[in-house]
>>> print(open('final-v6.cif').read())   # mmCIF, C-alpha atoms and all ligand atoms
data_final
#
loop_
_atom_site.group_PDB
_atom_site.id
_atom_site.type_symbol
_atom_site.label_atom_id
_atom_site.label_comp_id
_atom_site.auth_asym_id
_atom_site.auth_seq_id
_atom_site.Cartn_x
_atom_site.Cartn_y
_atom_site.Cartn_z
ATOM 1 C CA MET A 1 -25.090 -13.656 -14.873
ATOM 2 C CA ALA A 2 -26.508 -17.159 -14.662
ATOM 3 C CA VAL A 3 -27.546 -18.432 -18.074
ATOM 4 C CA ALA A 4 -30.768 -20.372 -18.604
ATOM 5 C CA VAL A 5 -30.432 -21.112 -22.301
ATOM 6 C CA GLU A 6 -27.564 -20.692 -24.710
ATOM 7 C CA ALA A 7 -27.950 -21.535 -28.389
ATOM 8 C CA ARG A 8 -25.000 -21.310 -30.786
ATOM 9 C CA SER A 9 -25.575 -21.637 -34.549
ATOM 10 C CA LEU A 10 -28.529 -23.810 -33.705
ATOM 11 C CA ASP A 11 -30.277 -25.547 -36.588
ATOM 12 C CA ALA A 12 -33.575 -27.204 -35.838
ATOM 13 C CA GLY A 13 -36.005 -29.183 -37.913
ATOM 14 C CA TYR A 14 -37.454 -32.579 -38.582
ATOM 15 C CA ARG A 15 -35.686 -35.570 -40.062
ATOM 16 C CA GLY A 16 -37.919 -37.616 -42.302
ATOM 17 C CA ARG A 17 -37.074 -40.890 -44.001
ATOM 18 C CA HIS A 18 -36.332 -39.171 -47.297
ATOM 19 C CA GLU A 19 -35.634 -35.565 -46.433
ATOM 20 C CA THR A 20 -34.860 -33.284 -43.554
ATOM 21 C CA VAL A 21 -37.022 -30.204 -43.101
ATOM 22 C CA LYS A 22 -34.928 -27.344 -41.735
ATOM 23 C CA VAL A 23 -37.028 -24.980 -39.655
ATOM 24 C CA LEU A 24 -34.619 -22.787 -37.677
ATOM 25 C CA VAL A 25 -31.244 -21.910 -39.121
ATOM 26 C CA GLY A 26 -28.203 -20.568 -37.303
ATOM 27 C CA LEU A 27 -29.954 -19.342 -34.179
ATOM 28 C CA ASP A 28 -27.715 -17.560 -31.661
ATOM 29 C CA LEU A 29 -29.332 -16.701 -28.358
ATOM 30 C CA VAL A 30 -28.385 -16.272 -24.719
ATOM 31 C CA VAL A 31 -31.157 -16.026 -22.140
ATOM 32 C CA GLU A 32 -30.509 -15.063 -18.539
ATOM 33 C CA ALA A 33 -31.830 -17.281 -15.776
ATOM 34 C CA GLY A 34 -35.064 -15.897 -14.392
ATOM 35 C CA ALA A 35 -35.984 -14.017 -17.573
ATOM 36 C CA PHE A 36 -39.481 -13.777 -18.988
ATOM 37 C CA VAL A 37 -39.066 -14.172 -22.750
ATOM 38 C CA ALA A 38 -42.051 -13.702 -25.037
ATOM 39 C CA ILE A 39 -41.826 -15.094 -28.565
ATOM 40 C CA LEU A 40 -43.765 -13.792 -31.560
ATOM 41 C CA GLY A 41 -43.619 -14.950 -35.157
ATOM 42 C CA PRO A 42 -45.763 -16.024 -38.081
ATOM 43 C CA SER A 43 -47.423 -19.420 -38.074
ATOM 44 C CA GLY A 44 -44.978 -22.152 -39.020
ATOM 45 C CA CYS A 45 -41.796 -20.138 -38.354
ATOM 46 C CA GLY A 46 -40.556 -22.526 -35.653
ATOM 47 C CA LYS A 47 -41.714 -21.187 -32.286
ATOM 48 C CA SER A 48 -43.009 -24.523 -31.014
ATOM 49 C CA THR A 49 -39.971 -26.234 -32.539
ATOM 50 C CA PHE A 50 -37.672 -23.994 -30.498
ATOM 51 C CA LEU A 51 -39.540 -24.751 -27.261
ATOM 52 C CA ARG A 52 -39.344 -28.466 -28.043
ATOM 53 C CA ILE A 53 -35.561 -28.268 -28.506
ATOM 54 C CA VAL A 54 -35.062 -26.489 -25.161
ATOM 55 C CA ALA A 55 -37.313 -29.015 -23.400
ATOM 56 C CA ASP A 56 -35.512 -31.948 -25.055
ATOM 57 C CA LEU A 57 -38.619 -33.143 -26.878
ATOM 58 C CA LEU A 58 -36.641 -32.796 -30.124
ATOM 59 C CA ASP A 59 -32.924 -33.049 -30.947
ATOM 60 C CA PRO A 60 -31.225 -30.215 -32.842
ATOM 61 C CA ILE A 61 -29.980 -31.012 -36.329
ATOM 62 C CA GLY A 62 -26.965 -28.748 -35.982
ATOM 63 C CA GLY A 63 -25.163 -26.322 -33.696
ATOM 64 C CA GLU A 64 -25.301 -26.325 -29.936
ATOM 65 C CA ILE A 65 -27.753 -25.752 -27.186
ATOM 66 C CA SER A 66 -27.289 -25.835 -23.452
ATOM 67 C CA VAL A 67 -29.862 -25.354 -20.726
ATOM 68 C CA LEU A 68 -28.656 -24.225 -17.303
ATOM 69 C CA GLY A 69 -25.187 -25.043 -18.596
ATOM 70 C CA GLU A 70 -26.040 -28.648 -19.394
ATOM 71 C CA PRO A 71 -27.419 -30.724 -22.256
ATOM 72 C CA PRO A 72 -31.232 -30.348 -22.393
ATOM 73 C CA ARG A 73 -31.586 -34.061 -21.666
ATOM 74 C CA ASN A 74 -30.197 -33.689 -18.110
ATOM 75 C CA ILE A 75 -32.657 -30.919 -17.425
ATOM 76 C CA ARG A 76 -35.598 -32.976 -18.643
ATOM 77 C CA ILE A 77 -34.565 -36.021 -16.653
ATOM 78 C CA ARG A 78 -34.345 -33.933 -13.486
ATOM 79 C CA ARG A 79 -37.807 -32.520 -14.294
ATOM 80 C CA ASP A 80 -36.381 -29.018 -14.290
ATOM 81 C CA VAL A 81 -38.488 -28.060 -17.299
ATOM 82 C CA GLY A 82 -42.278 -27.772 -17.426
ATOM 83 C CA PHE A 83 -44.324 -27.533 -20.625
ATOM 84 C CA VAL A 84 -47.761 -26.083 -21.250
ATOM 85 C CA PHE A 85 -48.743 -27.192 -24.740
ATOM 86 C CA GLN A 86 -50.501 -25.273 -27.483
ATOM 87 C CA ASP A 87 -53.614 -27.407 -27.034
ATOM 88 C CA SER A 88 -53.871 -28.376 -23.420
ATOM 89 C CA THR A 89 -53.790 -32.108 -23.064
ATOM 90 C CA LEU A 90 -55.750 -33.054 -19.966
ATOM 91 C CA LEU A 91 -56.915 -36.626 -19.592
ATOM 92 C CA PRO A 92 -60.727 -36.499 -19.764
ATOM 93 C CA TRP A 93 -61.262 -39.464 -17.440
ATOM 94 C CA ARG A 94 -59.170 -38.067 -14.604
ATOM 95 C CA THR A 95 -60.192 -35.414 -12.110
ATOM 96 C CA VAL A 96 -58.521 -32.013 -11.944
ATOM 97 C CA ARG A 97 -56.425 -33.167 -8.975
ATOM 98 C CA ASP A 98 -55.294 -36.339 -10.722
ATOM 99 C CA ASN A 99 -54.458 -34.438 -13.898
ATOM 100 C CA VAL A 100 -52.191 -32.118 -11.909
ATOM 101 C CA ARG A 101 -50.486 -35.067 -10.208
ATOM 102 C CA LEU A 102 -50.084 -36.986 -13.415
ATOM 103 C CA PRO A 103 -46.391 -36.352 -14.185
ATOM 104 C CA LEU A 104 -45.281 -37.640 -10.803
ATOM 105 C CA ALA A 105 -47.938 -40.332 -10.531
ATOM 106 C CA VAL A 106 -47.052 -42.198 -13.713
ATOM 107 C CA GLY A 107 -45.394 -45.520 -12.935
ATOM 108 C CA ARG A 108 -46.025 -45.331 -9.195
ATOM 109 C CA SER A 109 -48.393 -47.509 -7.262
ATOM 110 C CA SER A 110 -48.896 -44.982 -4.492
ATOM 111 C CA LEU A 111 -48.419 -41.274 -4.106
ATOM 112 C CA THR A 112 -46.189 -39.897 -1.418
ATOM 113 C CA ARG A 113 -47.498 -37.431 1.152
ATOM 114 C CA GLU A 114 -45.184 -34.863 -0.399
ATOM 115 C CA ILE A 115 -46.716 -35.182 -3.861
ATOM 116 C CA LYS A 116 -50.205 -34.968 -2.396
ATOM 117 C CA ASP A 117 -49.353 -31.851 -0.423
ATOM 118 C CA ARG A 118 -47.661 -30.216 -3.357
ATOM 119 C CA THR A 119 -50.636 -30.948 -5.623
ATOM 120 C CA ASP A 120 -53.001 -29.359 -3.126
ATOM 121 C CA ALA A 121 -50.758 -26.316 -2.727
ATOM 122 C CA LEU A 122 -50.701 -25.842 -6.507
ATOM 123 C CA LEU A 123 -54.474 -26.210 -6.781
ATOM 124 C CA GLU A 124 -54.789 -23.544 -4.118
ATOM 125 C CA MET A 125 -52.317 -21.248 -5.836
ATOM 126 C CA MET A 126 -54.096 -21.541 -9.188
ATOM 127 C CA GLY A 127 -57.532 -21.022 -7.610
ATOM 128 C CA LEU A 128 -58.633 -24.558 -8.429
ATOM 129 C CA SER A 129 -59.183 -26.094 -4.979
ATOM 130 C CA ALA A 130 -62.965 -26.011 -5.246
ATOM 131 C CA LEU A 131 -62.766 -27.721 -8.638
ATOM 132 C CA ALA A 132 -60.347 -30.474 -7.655
ATOM 133 C CA MET A 133 -62.820 -33.325 -8.033
ATOM 134 C CA ARG A 134 -64.272 -32.181 -11.356
ATOM 135 C CA HIS A 135 -63.385 -33.640 -14.716
ATOM 136 C CA PRO A 136 -61.972 -31.537 -17.579
ATOM 137 C CA HIS A 137 -65.301 -31.348 -19.487
ATOM 138 C CA GLN A 138 -66.814 -29.652 -16.428
ATOM 139 C CA LEU A 139 -64.346 -26.744 -16.641
ATOM 140 C CA SER A 140 -64.174 -23.545 -18.660
ATOM 141 C CA GLY A 141 -61.316 -23.063 -21.112
ATOM 142 C CA GLY A 142 -59.498 -20.754 -18.671
ATOM 143 C CA GLN A 143 -59.858 -23.250 -15.848
ATOM 144 C CA ARG A 144 -58.477 -26.028 -18.050
ATOM 145 C CA GLN A 145 -55.456 -23.885 -18.888
ATOM 146 C CA ARG A 146 -54.895 -23.262 -15.190
ATOM 147 C CA VAL A 147 -54.916 -27.029 -14.613
ATOM 148 C CA ALA A 148 -52.338 -27.429 -17.396
ATOM 149 C CA ILE A 149 -50.156 -24.749 -15.782
ATOM 150 C CA ALA A 150 -50.490 -26.317 -12.324
ATOM 151 C CA ARG A 151 -49.441 -29.648 -13.815
ATOM 152 C CA ALA A 152 -46.422 -28.059 -15.510
ATOM 153 C CA LEU A 153 -45.405 -26.504 -12.180
ATOM 154 C CA LEU A 154 -45.646 -29.721 -10.191
ATOM 155 C CA GLY A 155 -41.989 -30.618 -10.564
ATOM 156 C CA GLU A 156 -41.011 -27.076 -9.484
ATOM 157 C CA PRO A 157 -39.332 -26.525 -12.832
ATOM 158 C CA LYS A 158 -36.553 -24.001 -13.248
ATOM 159 C CA LEU A 159 -37.801 -23.411 -16.798
ATOM 160 C CA LEU A 160 -41.367 -23.134 -17.943
ATOM 161 C CA MET A 161 -42.155 -23.440 -21.650
ATOM 162 C CA MET A 162 -45.575 -22.044 -22.521
ATOM 163 C CA ASP A 163 -46.858 -22.507 -26.068
ATOM 164 C CA GLU A 164 -49.802 -20.167 -26.749
ATOM 165 C CA PRO A 165 -51.358 -21.167 -23.437
ATOM 166 C CA PHE A 166 -54.110 -18.545 -23.507
ATOM 167 C CA GLY A 167 -54.781 -18.433 -27.249
ATOM 168 C CA ALA A 168 -58.333 -19.749 -27.019
ATOM 169 C CA LEU A 169 -59.534 -17.521 -24.178
ATOM 170 C CA ASP A 170 -61.601 -14.348 -24.102
ATOM 171 C CA GLU A 171 -59.683 -11.146 -23.516
ATOM 172 C CA ILE A 172 -60.814 -10.563 -19.940
ATOM 173 C CA THR A 173 -59.869 -14.072 -18.798
ATOM 174 C CA ARG A 174 -56.640 -13.818 -20.714
ATOM 175 C CA ASP A 175 -55.708 -10.514 -19.047
ATOM 176 C CA ARG A 176 -56.436 -12.004 -15.641
ATOM 177 C CA LEU A 177 -54.348 -15.104 -16.316
ATOM 178 C CA ASN A 178 -51.550 -12.856 -17.612
ATOM 179 C CA ASP A 179 -51.483 -11.098 -14.237
ATOM 180 C CA GLU A 180 -51.605 -14.406 -12.351
ATOM 181 C CA LEU A 181 -48.721 -15.664 -14.447
ATOM 182 C CA LEU A 182 -46.635 -12.543 -13.777
ATOM 183 C CA ASN A 183 -47.269 -12.922 -10.032
ATOM 184 C CA LEU A 184 -46.212 -16.530 -10.192
ATOM 185 C CA TRP A 185 -43.056 -15.650 -12.106
ATOM 186 C CA ARG A 186 -42.161 -12.883 -9.616
ATOM 187 C CA ARG A 187 -42.641 -15.274 -6.701
ATOM 188 C CA THR A 188 -40.742 -18.216 -8.125
ATOM 189 C CA GLY A 189 -38.021 -16.723 -10.333
ATOM 190 C CA THR A 190 -38.709 -19.406 -12.956
ATOM 191 C CA THR A 191 -37.340 -18.700 -16.438
ATOM 192 C CA ILE A 192 -40.349 -18.489 -18.736
ATOM 193 C CA PHE A 193 -40.557 -18.823 -22.523
ATOM 194 C CA PHE A 194 -43.984 -17.731 -23.656
ATOM 195 C CA VAL A 195 -45.143 -18.108 -27.267
ATOM 196 C CA THR A 196 -48.086 -16.013 -28.372
ATOM 197 C CA HIS A 197 -49.684 -14.544 -31.489
ATOM 198 C CA SER A 198 -50.801 -11.497 -29.539
ATOM 199 C CA ILE A 199 -48.431 -8.536 -29.760
ATOM 200 C CA ALA A 200 -50.184 -6.919 -26.780
ATOM 201 C CA GLU A 201 -49.726 -10.041 -24.673
ATOM 202 C CA ALA A 202 -46.050 -10.418 -25.645
ATOM 203 C CA VAL A 203 -45.270 -6.810 -24.757
ATOM 204 C CA TYR A 204 -47.267 -6.895 -21.528
ATOM 205 C CA LEU A 205 -45.664 -10.110 -20.259
ATOM 206 C CA GLY A 206 -42.160 -10.120 -21.678
ATOM 207 C CA GLU A 207 -39.043 -8.591 -20.183
ATOM 208 C CA ARG A 208 -37.639 -9.460 -23.535
ATOM 209 C CA VAL A 209 -39.518 -10.067 -26.786
ATOM 210 C CA LEU A 210 -38.153 -12.148 -29.655
ATOM 211 C CA VAL A 211 -39.670 -11.930 -33.111
ATOM 212 C CA LEU A 212 -38.889 -14.924 -35.300
ATOM 213 C CA ALA A 213 -39.164 -14.823 -39.078
ATOM 214 C CA SER A 214 -39.869 -17.706 -41.404
ATOM 215 C CA ASN A 215 -38.242 -19.181 -44.494
ATOM 216 C CA PRO A 216 -35.776 -19.744 -43.044
ATOM 217 C CA GLY A 217 -36.765 -19.530 -39.386
ATOM 218 C CA ARG A 218 -34.469 -17.031 -37.723
ATOM 219 C CA LEU A 219 -34.325 -14.307 -35.116
ATOM 220 C CA LEU A 220 -35.516 -11.046 -36.652
ATOM 221 C CA LEU A 221 -35.818 -8.848 -33.589
ATOM 222 C CA ASP A 222 -34.624 -9.206 -29.991
ATOM 223 C CA ARG A 223 -35.938 -6.398 -27.797
ATOM 224 C CA ASP A 224 -35.096 -5.867 -24.123
ATOM 225 C CA LEU A 225 -38.121 -4.171 -22.525
ATOM 226 C CA ARG A 226 -36.634 -3.761 -19.052
ATOM 227 C CA PRO A 227 -35.521 -0.165 -19.699
ATOM 228 C CA ILE A 228 -39.100 0.901 -20.443
ATOM 229 C CA LYS A 229 -40.863 -1.104 -17.748
ATOM 230 C CA ALA A 230 -41.174 -0.453 -14.033
ATOM 231 C CA GLU A 231 -39.889 -2.642 -11.200
ATOM 232 C CA GLY A 232 -40.907 -6.301 -11.515
ATOM 233 C CA ASN A 233 -41.603 -6.036 -15.268
ATOM 234 C CA ARG A 234 -44.696 -3.929 -14.601
ATOM 235 C CA CYS A 235 -46.380 -1.725 -17.188
ATOM 236 C CA GLN A 236 -49.699 -0.181 -18.131
ATOM 237 C CA ARG A 237 -51.165 -1.565 -21.334
ATOM 238 C CA GLU A 238 -52.172 1.935 -22.502
ATOM 239 C CA ASP A 239 -48.848 3.646 -21.665
ATOM 240 C CA PRO A 240 -47.741 5.435 -24.893
ATOM 241 C CA VAL A 241 -44.255 3.917 -24.603
ATOM 242 C CA ILE A 242 -45.782 0.430 -24.500
ATOM 243 C CA VAL A 243 -48.098 1.260 -27.385
ATOM 244 C CA ALA A 244 -45.090 2.470 -29.413
ATOM 245 C CA VAL A 245 -43.231 -0.803 -28.784
ATOM 246 C CA MET A 246 -46.291 -2.711 -29.931
ATOM 247 C CA ALA A 247 -46.207 -0.755 -33.199
ATOM 248 C CA GLU A 248 -42.523 -1.648 -33.599
ATOM 249 C CA MET A 249 -43.356 -5.339 -33.070
ATOM 250 C CA ARG A 250 -46.180 -5.152 -35.595
ATOM 251 C CA ALA A 251 -43.830 -3.664 -38.208
ATOM 252 C CA ALA A 252 -41.323 -6.467 -37.521
ATOM 253 C CA LEU A 253 -44.028 -9.116 -37.839
ATOM 254 C CA GLU A 254 -45.149 -7.696 -41.154
ATOM 255 C CA GLN A 255 -41.594 -8.223 -42.390
ATOM 256 C CA ALA A 256 -41.343 -11.650 -40.822
ATOM 257 C CA SER A 257 -43.594 -13.791 -42.977
HETATM 258 N N1 LIG B 301 -43.206 -33.431 -36.777
HETATM 259 C C1 LIG B 301 -42.958 -32.634 -37.816
HETATM 260 N N2 LIG B 301 -42.450 -33.138 -38.978
HETATM 261 C C2 LIG B 301 -42.169 -32.338 -40.026
HETATM 262 N N3 LIG B 301 -42.378 -31.015 -40.038
HETATM 263 C C3 LIG B 301 -42.902 -30.460 -38.929
HETATM 264 C C4 LIG B 301 -43.218 -31.235 -37.775
HETATM 265 N N4 LIG B 301 -43.703 -30.393 -36.827
HETATM 266 C C5 LIG B 301 -43.693 -29.165 -37.381
HETATM 267 N N5 LIG B 301 -43.205 -29.205 -38.630
HETATM 268 C C6 LIG B 301 -42.996 -28.051 -39.542
HETATM 269 O O1 LIG B 301 -42.032 -27.184 -38.957
HETATM 270 C C7 LIG B 301 -42.367 -25.841 -39.172
HETATM 271 C C8 LIG B 301 -42.376 -25.111 -37.848
HETATM 272 O O2 LIG B 301 -43.393 -25.647 -37.024
HETATM 273 P P1 LIG B 301 -43.732 -25.070 -35.588
HETATM 274 O O3 LIG B 301 -44.762 -25.948 -35.014
HETATM 275 O O4 LIG B 301 -42.467 -24.894 -34.826
HETATM 276 O O5 LIG B 301 -44.319 -23.635 -35.968
HETATM 277 P P2 LIG B 301 -44.903 -22.492 -35.023
HETATM 278 O O6 LIG B 301 -44.057 -21.284 -35.206
HETATM 279 O O7 LIG B 301 -45.067 -23.019 -33.645
HETATM 280 O O8 LIG B 301 -46.327 -22.230 -35.718
HETATM 281 P P3 LIG B 301 -47.768 -21.913 -35.055
HETATM 282 O O9 LIG B 301 -47.746 -20.450 -34.748
HETATM 283 O O10 LIG B 301 -48.719 -22.219 -36.179
HETATM 284 O O11 LIG B 301 -47.942 -22.797 -33.884
HETATM 285 C C9 LIG B 301 -43.706 -25.831 -39.896
HETATM 286 O O12 LIG B 301 -43.473 -25.595 -41.243
HETATM 287 C C10 LIG B 301 -44.249 -27.210 -39.679
HETATM 288 O O13 LIG B 301 -45.029 -27.634 -40.764
HETATM 289 MG MG MG B 302 -46.722 -23.528 -32.517
#
>>> encode(input="final-v6.cif", output="structure tokens")
Amino acid sequence: MAVAVEARSLDAGYRGRHETVKVLVGLDLVVEAGAFVAILGPSGCGKSTFLRIVADLLDPIGGEISVLGEPPRNIRIRRDVGFVFQDSTLLPWRTVRDNVRLPLAVGRSSLTREIKDRTDALLEMMGLSALAMRHPHQLSGGQRQRVAIARALLGEPKLLMMDEPFGALDEITRDRLNDELLNLWRRTGTTIFFVTHSIAEAVYLGERVLVLASNPGRLLLDRDLRPIKAEGNRCQREDPVIVAVMAEMRAALEQAS
């Protein structure tokens, strides 16, 4: 089994000038390469903090973490990790196409043919080709999130960290983007970490669902859903088995805060 992420007694938090805030304490976790991991947990329990540690946007304060068998830094430098943030951060003065290209365009005077082609392929894949010359304020919330995902995919990351990417969308759009995301994951084999506050979304998307608890932040429940899902992590939202798992998650979340 190839391992995407391995955390051993991981402590995470924020060092201030006077005190250190510990957020996650003693986290042990092994995630297989290619997994789709959904993460639930009460607000403030450390979900975003965990994604930041994996993506090397934050250093751990204790314990160990490796990503694809290496320090997270190596993975970030090779652009093997993509991040879709909790509030999508598109640059308002750039077009959709230029927002997608941004990570590879920074610091370059000209774009290579390869980057241009890859940008256009991603726009096509995310159904954004017709919107390529628009600016972010001319897009719907769902379209903006698709731009943010396309941008995160530009470097063909082996890991994709998604922090409540669809939180602000209506349910129909969200369901559609969930299916698009699953298709993308099946095609690419990218390891995905997906944070959400929606139990239904976590259970629908995840092959594995983690429930984190707060005070201190820790792993409360780690559920492998592969045994109850069909080939390719497929399920019906209304399947009684799926509904029962959602009830189990809800009970865990009630304990978690
Ligand atoms: N830069 C920071 N400095 C100090 N404390 C921080 C910082 N960022 C986050 N925290 C604290 O760390 C804890 C965990 O934050 P985190 O953003 O990981 O929570 P979360 O689980 O993602 O919550 P939410 O569901 O609201 O997004 C919170 O108590 C938060 O106040
Ligand atoms: Mg968060």
>>> residues_near_ligand(input="final-v6.cif", ligand="ligand LIG 301 (chain B)", cutoff="12 Å", atoms="only C-alpha atoms and all ligand atoms", output="short mmCIF file (atom, residue, chain, number, x, y, z; two decimals) with C-alpha atoms, in the coordinates of the input")
data_model
loop_
_atom_site.label_atom_id
_atom_site.label_comp_id
_atom_site.auth_asym_id
_atom_site.auth_seq_id
_atom_site.Cartn_x
_atom_site.Cartn_y
_atom_site.Cartn_z
CA ALA A 12 -33.58 -27.20 -35.84
CA GLY A 13 -36.01 -29.18 -37.91
CA TYR A 14 -37.45 -32.58 -38.58
CA ARG A 15 -35.69 -35.57 -40.06
CA GLY A 16 -37.92 -37.62 -42.30
CA ARG A 17 -37.07 -40.89 -44.00
CA HIS A 18 -36.33 -39.17 -47.30
CA GLU A 19 -35.63 -35.56 -46.43
CA THR A 20 -34.86 -33.28 -43.55
CA VAL A 21 -37.02 -30.20 -43.10
CA LYS A 22 -34.93 -27.34 -41.74
CA VAL A 23 -37.03 -24.98 -39.66
CA LEU A 24 -34.62 -22.79 -37.68
CA VAL A 25 -31.24 -21.91 -39.12
CA ILE A 39 -41.83 -15.09 -28.56
CA LEU A 40 -43.76 -13.79 -31.56
CA GLY A 41 -43.62 -14.95 -35.16
CA PRO A 42 -45.76 -16.02 -38.08
CA SER A 43 -47.42 -19.42 -38.07
CA GLY A 44 -44.98 -22.15 -39.02
CA CYS A 45 -41.80 -20.14 -38.35
CA GLY A 46 -40.56 -22.53 -35.65
CA LYS A 47 -41.71 -21.19 -32.29
CA SER A 48 -43.01 -24.52 -31.01
CA THR A 49 -39.97 -26.23 -32.54
CA PHE A 50 -37.67 -23.99 -30.50
CA LEU A 51 -39.54 -24.75 -27.26
CA ARG A 52 -39.34 -28.47 -28.04
CA ILE A 53 -35.56 -28.27 -28.51
CA LEU A 57 -38.62 -33.14 -26.88
CA LEU A 58 -36.64 -32.80 -30.12
CA ASP A 59 -32.92 -33.05 -30.95
CA PHE A 85 -48.74 -27.19 -24.74
CA GLN A 86 -50.50 -25.27 -27.48
CA ASP A 87 -53.61 -27.41 -27.03
CA MET A 162 -45.58 -22.04 -22.52
CA ASP A 163 -46.86 -22.51 -26.07
CA GLU A 164 -49.80 -20.17 -26.75
CA PRO A 165 -51.36 -21.17 -23.44
CA GLY A 167 -54.78 -18.43 -27.25
CA PHE A 194 -43.98 -17.73 -23.66
CA VAL A 195 -45.14 -18.11 -27.27
CA THR A 196 -48.09 -16.01 -28.37
CA HIS A 197 -49.68 -14.54 -31.49
CA SER A 198 -50.80 -11.50 -29.54
CA VAL A 211 -39.67 -11.93 -33.11
CA LEU A 212 -38.89 -14.92 -35.30
CA ALA A 213 -39.16 -14.82 -39.08
CA SER A 214 -39.87 -17.71 -41.40
CA ASN A 215 -38.24 -19.18 -44.49
CA PRO A 216 -35.78 -19.74 -43.04
CA GLY A 217 -36.76 -19.53 -39.39
CA ARG A 218 -34.47 -17.03 -37.72
CA LEU A 219 -34.33 -14.31 -35.12
CA ALA A 256 -41.34 -11.65 -40.82
CA SER A 257 -43.59 -13.79 -42.98
#
>>> residues_near_point(input="final-v6.cif", point="(-45.8, -32.5, -18.7)", cutoff="9 Å", atoms="only C-alpha atoms", output="list in words")
Val81, Gly82, Phe83, Val84, Phe85, Leu102, Pro103, Ala148, Arg151, Ala152, Leu153 and Leu154 of chain A
>>> closest_residue(input="final-v6.cif", among="A:Ile61, A:Met161, A:Ala200, A:Val67", to="ligand MG 302 (chain B)", atoms="all atoms listed in the file")
A:Met161
>>> residues_near_point(input="final-v6.cif", point="(-40.3, -8.2, -20.3)", cutoff="12 Å", atoms="all atoms listed in the file", output="MDAnalysis selection string")
chainID A and resid 34:39 182 185:186 191:194 200:210 222:235 242 245
>>> resolve_selection(input="final-v6.cif", expression="the PyMOL selection byres (((chain A and resi 134) around 10) and not hetatm)", output="ChimeraX atom specification")
/A:93-98,128,130-133,135-139
>>> write_last_selection(input="final-v6.cif", atoms="C-alpha atoms", output="mmCIF file, in the frame of the given file")
data_model
loop_
_atom_site.group_PDB
_atom_site.id
_atom_site.type_symbol
_atom_site.label_atom_id
_atom_site.label_comp_id
_atom_site.auth_asym_id
_atom_site.auth_seq_id
_atom_site.Cartn_x
_atom_site.Cartn_y
_atom_site.Cartn_z
ATOM 1 C CA TRP A 93 -61.262 -39.464 -17.440
ATOM 2 C CA ARG A 94 -59.170 -38.067 -14.604
ATOM 3 C CA THR A 95 -60.192 -35.414 -12.110
ATOM 4 C CA VAL A 96 -58.521 -32.013 -11.944
ATOM 5 C CA ARG A 97 -56.425 -33.167 -8.975
ATOM 6 C CA ASP A 98 -55.294 -36.339 -10.722
ATOM 7 C CA LEU A 128 -58.633 -24.558 -8.429
ATOM 8 C CA ALA A 130 -62.965 -26.011 -5.246
ATOM 9 C CA LEU A 131 -62.766 -27.721 -8.638
ATOM 10 C CA ALA A 132 -60.347 -30.474 -7.655
ATOM 11 C CA MET A 133 -62.820 -33.325 -8.033
ATOM 12 C CA HIS A 135 -63.385 -33.640 -14.716
ATOM 13 C CA PRO A 136 -61.972 -31.537 -17.579
ATOM 14 C CA HIS A 137 -65.301 -31.348 -19.487
ATOM 15 C CA GLN A 138 -66.814 -29.652 -16.428
ATOM 16 C CA LEU A 139 -64.346 -26.744 -16.641
#
>>> closest_residue(input="final-v6.cif", among="A:Gln236, A:Gly142, A:Ala247, A:Thr112", to="Glu171 in chain A", atoms="all atoms listed in the file")
A:Gly142
>>> residues_around(input="final-v6.cif", residues="Gly26 in chain A", least_positions_apart="3", cutoff="8 Å", atoms="all atoms listed in the file", output="list of chain:residue names")
A:Arg8, A:Ser9, A:Leu10, A:Asp11, A:Gly63, A:Arg218
>>> axis_aligned_box(input="final-v6.cif", around="range 29-39 of chain A", padding_each_side="4 Å", output="JSON")
{"center_x": -35.2, "center_y": -15.5, "center_z": -21.5, "size_x": 21.7, "size_y": 11.6, "size_z": 22.2}
>>> atom_distance(input="final-v6.cif", atom1="CA of Glu180 in chain A", atom2="CA of Glu32 in chain A")
22.0 Å
>>> closest_residue(input="final-v6.cif", among="A:Leu91, A:Leu159, A:Thr188, A:Glu124", to="Val5 in chain A", atoms="all atoms listed in the file")
A:Leu159
>>> atom_distance(input="final-v6.cif", atom1="CA of Pro71 in chain A", atom2="CA of Val3 in chain A")
13.0 Å
>>> residues_around(input="final-v6.cif", residues="Arg146 in chain A", least_positions_apart="6", cutoff="9 Å", atoms="only C-alpha atoms", output="VMD selection string")
chain A and resid 123 126 to 128 177
>>> decode(input="final-v6.cif", residues="range 245-249 of chain A", atoms="N, CA, C and O atoms", output="short mmCIF file (atom, residue, chain, number, x, y, z; two decimals), in the first residue's frame")
data_model
loop_
_atom_site.label_atom_id
_atom_site.label_comp_id
_atom_site.auth_asym_id
_atom_site.auth_seq_id
_atom_site.Cartn_x
_atom_site.Cartn_y
_atom_site.Cartn_z
N VAL A 245 -25.41 5.36 8.32
CA VAL A 245 -24.07 5.88 8.60
C VAL A 245 -24.13 7.36 8.93
O VAL A 245 -23.43 7.85 9.81
N MET A 246 -25.02 8.07 8.23
CA MET A 246 -25.16 9.50 8.52
C MET A 246 -25.63 9.70 9.96
O MET A 246 -25.15 10.62 10.65
N ALA A 247 -26.52 8.84 10.43
CA ALA A 247 -26.99 8.95 11.82
C ALA A 247 -25.84 8.69 12.80
O ALA A 247 -25.70 9.37 13.82
N GLU A 248 -24.99 7.73 12.44
CA GLU A 248 -23.82 7.42 13.28
C GLU A 248 -22.88 8.64 13.36
O GLU A 248 -22.37 8.98 14.43
N MET A 249 -22.68 9.29 12.21
CA MET A 249 -21.82 10.48 12.16
C MET A 249 -22.42 11.61 13.00
O MET A 249 -21.71 12.32 13.69
#
